[in-house]
Each structure stands twice: as structure tokens, then as C-alpha cells.
file start00.tsv (TSV, C-alpha atoms)
chain	number	residue	atom	x	y	z
A	282	MET	CA	60.14	-43.01	16.04
A	283	VAL	CA	63.41	-44.79	16.84
A	284	LYS	CA	66.15	-42.17	17.02
A	285	PRO	CA	67.91	-41.44	14.90
A	286	VAL	CA	66.24	-42.79	11.79
A	287	LEU	CA	68.89	-43.46	9.14
A	288	PHE	CA	67.93	-43.11	5.49
A	289	GLN	CA	70.06	-43.02	2.36
A	290	VAL	CA	69.55	-41.22	-0.92
A	291	ALA	CA	71.47	-43.16	-3.57
A	292	GLY	CA	72.03	-42.89	-7.30
A	293	TYR	CA	74.67	-42.10	-9.85
A	294	GLN	CA	76.24	-38.64	-10.25
A	295	ASN	CA	73.76	-35.99	-11.45
A	296	SER	CA	70.77	-38.18	-10.65
A	297	GLY	CA	69.16	-35.63	-8.33
A	298	LYS	CA	70.43	-36.85	-4.95
A	299	THR	CA	71.17	-33.37	-3.62
A	300	THR	CA	67.89	-31.95	-4.92
A	301	LEU	CA	65.97	-34.77	-3.21
A	302	SER	CA	68.01	-34.41	-0.01
A	303	LEU	CA	67.28	-30.68	0.14
A	304	ARG	CA	63.55	-31.27	-0.28
A	305	LEU	CA	63.58	-33.91	2.45
A	306	ILE	CA	65.57	-31.68	4.83
A	307	LYS	CA	63.12	-28.80	4.34
A	308	GLU	CA	60.04	-30.99	4.82
A	309	LEU	CA	61.40	-32.90	7.81
A	310	THR	CA	62.57	-29.70	9.49
A	311	ALA	CA	59.17	-28.07	8.85
A	312	ALA	CA	57.61	-31.10	10.57
A	313	GLY	CA	59.68	-30.32	13.67
A	314	LEU	CA	62.36	-32.97	13.23
A	315	LYS	CA	66.05	-32.34	13.81
A	316	VAL	CA	67.93	-33.48	10.71
A	317	ALA	CA	71.63	-34.24	10.35
A	318	THR	CA	73.23	-35.10	7.02
A	319	VAL	CA	76.25	-36.97	5.73
A	320	LYS	CA	77.29	-36.38	2.15
A	321	HIS	CA	79.85	-38.47	0.34
A	322	HIS	CA	82.29	-36.31	-1.60
A	323	GLY	CA	82.09	-38.45	-4.70
A	324	HIS	CA	84.09	-36.22	-7.01
A	325	GLY	CA	87.46	-37.63	-5.99
A	326	GLY	CA	89.97	-36.07	-3.65
A	327	ARG	CA	89.21	-34.15	-0.52
A	328	PRO	CA	86.44	-31.62	0.06
A	329	GLU	CA	87.57	-28.01	-0.20
A	330	VAL	CA	88.37	-26.07	2.96
A	331	VAL	CA	88.90	-22.36	3.43
A	332	GLU	CA	92.66	-22.11	3.47
A	333	ALA	CA	94.72	-19.59	5.41
A	334	LYS	CA	92.10	-19.47	8.17
A	335	ASP	CA	93.25	-20.19	11.71
A	336	SER	CA	91.45	-23.54	11.88
A	337	ASP	CA	93.13	-24.70	8.67
A	338	MET	CA	96.50	-23.53	9.96
A	339	HIS	CA	95.91	-25.45	13.21
A	340	VAL	CA	95.36	-28.66	11.24
A	341	LYS	CA	98.35	-27.99	8.98
A	342	ALA	CA	100.46	-27.50	12.11
A	343	GLY	CA	99.47	-30.98	13.28
A	344	ALA	CA	96.14	-30.73	15.11
A	345	ALA	CA	94.04	-33.85	14.49
A	346	VAL	CA	90.85	-31.80	14.84
A	347	SER	CA	90.12	-28.09	14.88
A	348	LEU	CA	86.77	-26.69	16.00
A	349	VAL	CA	85.68	-23.12	15.34
A	350	GLU	CA	82.58	-21.69	17.00
A	351	GLY	CA	80.99	-18.29	16.77
A	352	GLY	CA	77.45	-17.00	17.02
A	353	GLY	CA	76.05	-20.50	17.48
A	354	ARG	CA	77.71	-21.94	14.37
A	355	MET	CA	80.33	-24.64	14.72
A	356	ILE	CA	82.69	-25.89	12.03
A	357	ILE	CA	84.81	-28.95	12.66
A	358	HIS	CA	87.84	-29.63	10.49
A	359	ALA	CA	89.32	-33.07	11.04
A	360	GLU	CA	91.93	-34.97	9.09
A	361	ASN	CA	92.13	-38.75	9.03
A	362	GLY	CA	93.34	-41.36	6.58
A	363	GLN	CA	89.76	-42.37	5.83
A	364	TRP	CA	86.48	-42.03	7.73
A	365	SER	CA	84.01	-44.88	7.66
A	366	LEU	CA	80.34	-44.04	7.34
A	367	SER	CA	79.68	-45.62	10.74
A	368	GLU	CA	82.28	-43.28	12.31
A	369	GLU	CA	80.60	-40.30	10.65
A	370	ILE	CA	77.18	-41.44	11.91
A	371	ASP	CA	78.62	-41.85	15.43
A	372	MET	CA	79.92	-38.26	15.29
A	373	LEU	CA	76.56	-36.91	14.14
A	374	SER	CA	74.74	-38.91	16.83
A	375	PHE	CA	76.34	-36.63	19.44
A	376	PHE	CA	74.01	-33.86	18.21
A	377	LYS	CA	70.95	-36.07	18.93
A	378	PRO	CA	69.21	-35.77	15.56
A	379	ASP	CA	65.85	-37.36	14.88
A	380	VAL	CA	66.95	-38.24	11.35
A	381	ILE	CA	70.31	-38.76	9.67
A	382	LEU	CA	70.06	-38.43	5.90
A	383	ILE	CA	72.92	-40.07	4.06
A	384	GLU	CA	73.55	-38.76	0.56
A	385	GLY	CA	75.60	-41.15	-1.49
A	386	TYR	CA	77.48	-44.14	-0.06
A	387	LYS	CA	75.21	-46.25	-2.26
A	388	ASN	CA	76.85	-49.57	-1.32
A	389	GLU	CA	76.21	-49.14	2.41
A	390	PRO	CA	73.50	-51.32	3.99
A	391	TYR	CA	71.08	-48.68	5.32
A	392	PRO	CA	67.48	-48.25	4.13
A	393	LYS	CA	67.56	-46.21	0.95
A	394	ALA	CA	65.81	-44.59	-1.95
A	395	VAL	CA	67.53	-45.14	-5.27
A	396	ILE	CA	67.11	-42.53	-8.00
A	397	LEU	CA	67.15	-43.66	-11.63
A	398	ARG	CA	67.85	-41.10	-14.37
A	399	ASP	CA	67.21	-43.42	-17.29
A	400	GLU	CA	67.44	-47.03	-18.46
A	401	SER	CA	71.21	-47.12	-17.96
A	402	ASP	CA	70.69	-46.79	-14.18
A	403	LEU	CA	68.39	-49.83	-13.89
A	404	GLU	CA	71.33	-51.99	-12.76
A	405	LEU	CA	71.26	-50.19	-9.41
A	406	VAL	CA	67.97	-51.88	-8.52
A	407	GLU	CA	69.68	-55.29	-8.72
A	408	LYS	CA	73.05	-54.18	-7.38
A	409	LEU	CA	72.15	-52.22	-4.23
A	410	HIS	CA	70.87	-53.57	-0.93
A	411	ASN	CA	68.08	-52.45	1.39
A	412	ILE	CA	66.25	-50.38	-1.24
A	413	GLN	CA	62.93	-49.19	0.16
A	414	VAL	CA	61.72	-47.18	-2.84
A	415	VAL	CA	62.80	-46.52	-6.43
A	416	LEU	CA	62.41	-43.00	-7.81
A	417	CYS	CA	62.31	-42.46	-11.57
A	418	ARG	CA	63.24	-39.14	-13.14
A	419	LYS	CA	62.34	-40.12	-16.70
A	420	PRO	CA	58.64	-40.51	-17.53
A	421	GLY	CA	57.85	-44.07	-18.52
A	422	LEU	CA	60.89	-45.55	-16.80
A	423	SER	CA	58.66	-47.00	-14.09
A	424	ASN	CA	57.03	-49.22	-16.75
A	425	LEU	CA	60.30	-51.17	-16.97
A	426	LEU	CA	59.98	-51.97	-13.26
A	427	LYS	CA	56.28	-52.84	-13.18
A	428	ASP	CA	57.05	-56.35	-11.88
A	429	SER	CA	59.20	-55.05	-9.03
A	430	ALA	CA	58.12	-55.75	-5.46
A	431	LEU	CA	59.43	-52.29	-4.56
A	432	PRO	CA	57.41	-49.07	-4.77
A	433	VAL	CA	58.42	-47.32	-8.01
A	434	LEU	CA	57.47	-43.64	-8.02
A	435	ASN	CA	58.16	-40.31	-9.68
A	436	MET	CA	60.21	-37.79	-7.71
A	437	ASP	CA	57.27	-35.84	-6.21
A	438	ASP	CA	55.42	-38.95	-5.06
A	439	GLY	CA	58.74	-40.31	-3.84
A	440	VAL	CA	59.26	-37.35	-1.53
A	441	CYS	CA	55.86	-38.00	0.07
A	442	TRP	CA	56.60	-41.72	0.37
A	443	ILE	CA	59.99	-41.12	2.04
A	444	LEU	CA	58.55	-38.56	4.47
A	445	GLU	CA	55.89	-41.04	5.53
A	446	TYR	CA	58.47	-43.84	5.80
A	447	ILE	CA	60.74	-41.75	8.04
A	448	THR	CA	58.01	-40.34	10.27
A	449	ASN	CA	56.54	-43.81	10.82
A	450	LYS	CA	59.84	-45.26	12.07

call {"tool": "encode", "arguments": {"input": "start00.tsv", "output": "C-alpha cells"}}
result
Amino acid sequence: MVKPVLFQVAGYQNSGKTTLSLRLIKELTAAGLKVATVKHHGHGGRPEVVEAKDSDMHVKAGAAVSLVEGGGRMIIHAENGQWSLSEEIDMLSFFKPDVILIEGYKNEPYPKAVILRDESDLELVEKLHNIQVVLCRKPGLSNLLKDSALPVLNMDDGVCWILEYITNK
């Protein structure tokens, strides 16, 4: 296994990206792999932070980064104009994960699974790059992709396929 293995979970909002990511994290961790994740906050604006805590006040006072540690848990609060995915991956690489799961960032070039909810999502198969597997949530949707060179699977079979893909890297 080349470390870390990078793998994306892509799809439109409410397609099941987080559900799939959680299943993969649990399975990969159970297999003894150290997993790091990056999630794109795709709902617009900035992710919520706990305000009025010391770390938040440090950042509001001008600190570029504030790190809080206690009992083995670390929380890093950093402000920047915009973080690129490659910068985020570089930060996570410090923790020496075996796998970095990327949820969202569908237009990035990393190997990915794309989740299709229904026929309206089919455009993603043509639009996105480096798709390794297509996962269909709607029964029968895979019939519309029967001529695809890509594996087209239901969600459960897709989890197994992705686990095998990652562990064989």
C-alpha cells in the first residue's frame, strides 16, 4: 500500500456521501488502517465554530492558527482566505495516515467513487475525472450505464469494491 492512499467520495448534495464515508471509515479502521478525512463544507459560508471559547478568541484577536489539546484530542482552528485541497492534504499527511478519504471536492483529480441518486445525476459520469466506480442509489439506474467501462454497483457492493481498491493500493 502506497501511503497515504487518496480516495474521493463524490456526488451531489444528499446523495449519500457522508453515509458512505462513515461506512468506509468504520471498515478501514476495523481493518487496522489509520484514516484521515477531508470534508468540503458545501453548504456555503464557513463551517461553524464554538464561539466564545479561548481558541476562537485567540483567532479573533489575530492568531493565524489556534491549537487546543486535552486528553489526547486536538482541535486546530485556522483562518485563511481559502485553503486548497492539496494544502489540506499536506496538513493531514503530518499525521501519517494510511488513507485520506476526501468527501466532496468532486472536480478534483483524485481517484473517486461517484454516487448517483437518480437519472438527473447521470451527467456526473461524463463530467467528472478519475472515476473508479459508480454507485447507484436507485434500483434500475445501473441499467442506464450498462455500456459503461466503469464498474457500476449498488451502495453495499460499492463499499466492498472501494475497500478492496484501497487495500490493494

call {"tool": "atom_distance", "arguments": {"input": "start00.tsv", "atom1": "CA of Thr300 (chain A)", "atom2": "CA of Asp379 (chain A)"}}
result
20.6 Å

call {"tool": "residues_around", "arguments": {"input": "start00.tsv", "residues": "Ala291 (chain A)", "least_positions_apart": "4", "cutoff": "9 Å", "atoms": "only C-alpha atoms", "output": "JSON list (two decimals) with C-alpha atoms, keeping the file's coordinate frame"}}
result
[["chain", "number", "residue", "atom", "x", "y", "z"],
["A", 296, "SER", "CA", 70.77, -38.18, -10.65],
["A", 298, "LYS", "CA", 70.43, -36.85, -4.95],
["A", 383, "ILE", "CA", 72.92, -40.07, 4.06],
["A", 384, "GLU", "CA", 73.55, -38.76, 0.56],
["A", 385, "GLY", "CA", 75.60, -41.15, -1.49],
["A", 386, "TYR", "CA", 77.48, -44.14, -0.06],
["A", 387, "LYS", "CA", 75.21, -46.25, -2.26],
["A", 388, "ASN", "CA", 76.85, -49.57, -1.32],
["A", 393, "LYS", "CA", 67.56, -46.21, 0.95],
["A", 394, "ALA", "CA", 65.81, -44.59, -1.95],
["A", 395, "VAL", "CA", 67.53, -45.14, -5.27],
["A", 396, "ILE", "CA", 67.11, -42.53, -8.00]]

call {"tool": "atom_distance", "arguments": {"input": "start00.tsv", "atom1": "CA of Met372 (chain A)", "atom2": "CA of Cys441 (chain A)"}}
result
28.5 Å

call {"tool": "atom_distance", "arguments": {"input": "start00.tsv", "atom1": "CA of Leu373 (chain A)", "atom2": "CA of Pro432 (chain A)"}}
result
29.5 Å

call {"tool": "closest_residue", "arguments": {"input": "start00.tsv", "among": "A:Ser374, A:Gln289, A:Ser336, A:Asn295", "to": "Glu360 (chain A)", "atoms": "all atoms listed in the file"}}
result
A:Ser336

call {"tool": "build_atoms", "arguments": {"input": "start00.tsv", "residues": "region 380-395 of chain A", "atoms": "N, CA and C atoms", "output": "PDB file, in the frame of the given file"}}
result
ATOM      1  N   VAL A 380      66.726 -37.598  12.646  1.00  0.00           N
ATOM      2  CA  VAL A 380      66.950 -38.240  11.350  1.00  0.00           C
ATOM      3  C   VAL A 380      68.376 -37.949  10.901  1.00  0.00           C
ATOM      4  N   ILE A 381      69.040 -38.966  10.362  1.00  0.00           N
ATOM      5  CA  ILE A 381      70.310 -38.760   9.670  1.00  0.00           C
ATOM      6  C   ILE A 381      70.093 -39.163   8.226  1.00  0.00           C
ATOM      7  N   LEU A 382      70.152 -38.169   7.341  1.00  0.00           N
ATOM      8  CA  LEU A 382      70.060 -38.430   5.900  1.00  0.00           C
ATOM      9  C   LEU A 382      71.465 -38.644   5.374  1.00  0.00           C
ATOM     10  N   ILE A 383      71.627 -39.703   4.625  1.00  0.00           N
ATOM     11  CA  ILE A 383      72.920 -40.070   4.060  1.00  0.00           C
ATOM     12  C   ILE A 383      72.819 -39.912   2.554  1.00  0.00           C
ATOM     13  N   GLU A 384      73.568 -38.967   2.014  1.00  0.00           N
ATOM     14  CA  GLU A 384      73.550 -38.760   0.560  1.00  0.00           C
ATOM     15  C   GLU A 384      74.775 -39.433  -0.039  1.00  0.00           C
ATOM     16  N   GLY A 385      74.516 -40.392  -0.897  1.00  0.00           N
ATOM     17  CA  GLY A 385      75.600 -41.150  -1.490  1.00  0.00           C
ATOM     18  C   GLY A 385      75.854 -42.430  -0.710  1.00  0.00           C
ATOM     19  N   TYR A 386      77.102 -42.887  -0.722  1.00  0.00           N
ATOM     20  CA  TYR A 386      77.480 -44.140  -0.060  1.00  0.00           C
ATOM     21  C   TYR A 386      76.560 -45.279  -0.486  1.00  0.00           C
ATOM     22  N   LYS A 387      76.262 -45.352  -1.769  1.00  0.00           N
ATOM     23  CA  LYS A 387      75.210 -46.250  -2.260  1.00  0.00           C
ATOM     24  C   LYS A 387      75.397 -47.718  -1.900  1.00  0.00           C
ATOM     25  N   ASN A 388      76.618 -48.155  -1.635  1.00  0.00           N
ATOM     26  CA  ASN A 388      76.850 -49.570  -1.320  1.00  0.00           C
ATOM     27  C   ASN A 388      76.719 -49.894   0.160  1.00  0.00           C
ATOM     28  N   GLU A 389      76.405 -48.902   0.978  1.00  0.00           N
ATOM     29  CA  GLU A 389      76.210 -49.140   2.410  1.00  0.00           C
ATOM     30  C   GLU A 389      74.852 -49.801   2.641  1.00  0.00           C
ATOM     31  N   PRO A 390      74.678 -50.467   3.790  1.00  0.00           N
ATOM     32  CA  PRO A 390      73.500 -51.320   3.990  1.00  0.00           C
ATOM     33  C   PRO A 390      72.245 -50.651   4.554  1.00  0.00           C
ATOM     34  N   TYR A 391      72.221 -49.339   4.668  1.00  0.00           N
ATOM     35  CA  TYR A 391      71.080 -48.680   5.320  1.00  0.00           C
ATOM     36  C   TYR A 391      69.876 -48.587   4.389  1.00  0.00           C
ATOM     37  N   PRO A 392      68.681 -48.421   4.967  1.00  0.00           N
ATOM     38  CA  PRO A 392      67.480 -48.250   4.130  1.00  0.00           C
ATOM     39  C   PRO A 392      67.680 -47.068   3.193  1.00  0.00           C
ATOM     40  N   LYS A 393      67.248 -47.245   1.932  1.00  0.00           N
ATOM     41  CA  LYS A 393      67.560 -46.210   0.950  1.00  0.00           C
ATOM     42  C   LYS A 393      66.492 -46.052  -0.109  1.00  0.00           C
ATOM     43  N   ALA A 394      66.512 -44.859  -0.699  1.00  0.00           N
ATOM     44  CA  ALA A 394      65.810 -44.590  -1.950  1.00  0.00           C
ATOM     45  C   ALA A 394      66.876 -44.579  -3.024  1.00  0.00           C
ATOM     46  N   VAL A 395      66.602 -45.198  -4.143  1.00  0.00           N
ATOM     47  CA  VAL A 395      67.530 -45.140  -5.270  1.00  0.00           C
ATOM     48  C   VAL A 395      66.866 -44.337  -6.376  1.00  0.00           C
TER      49      VAL A 395
END
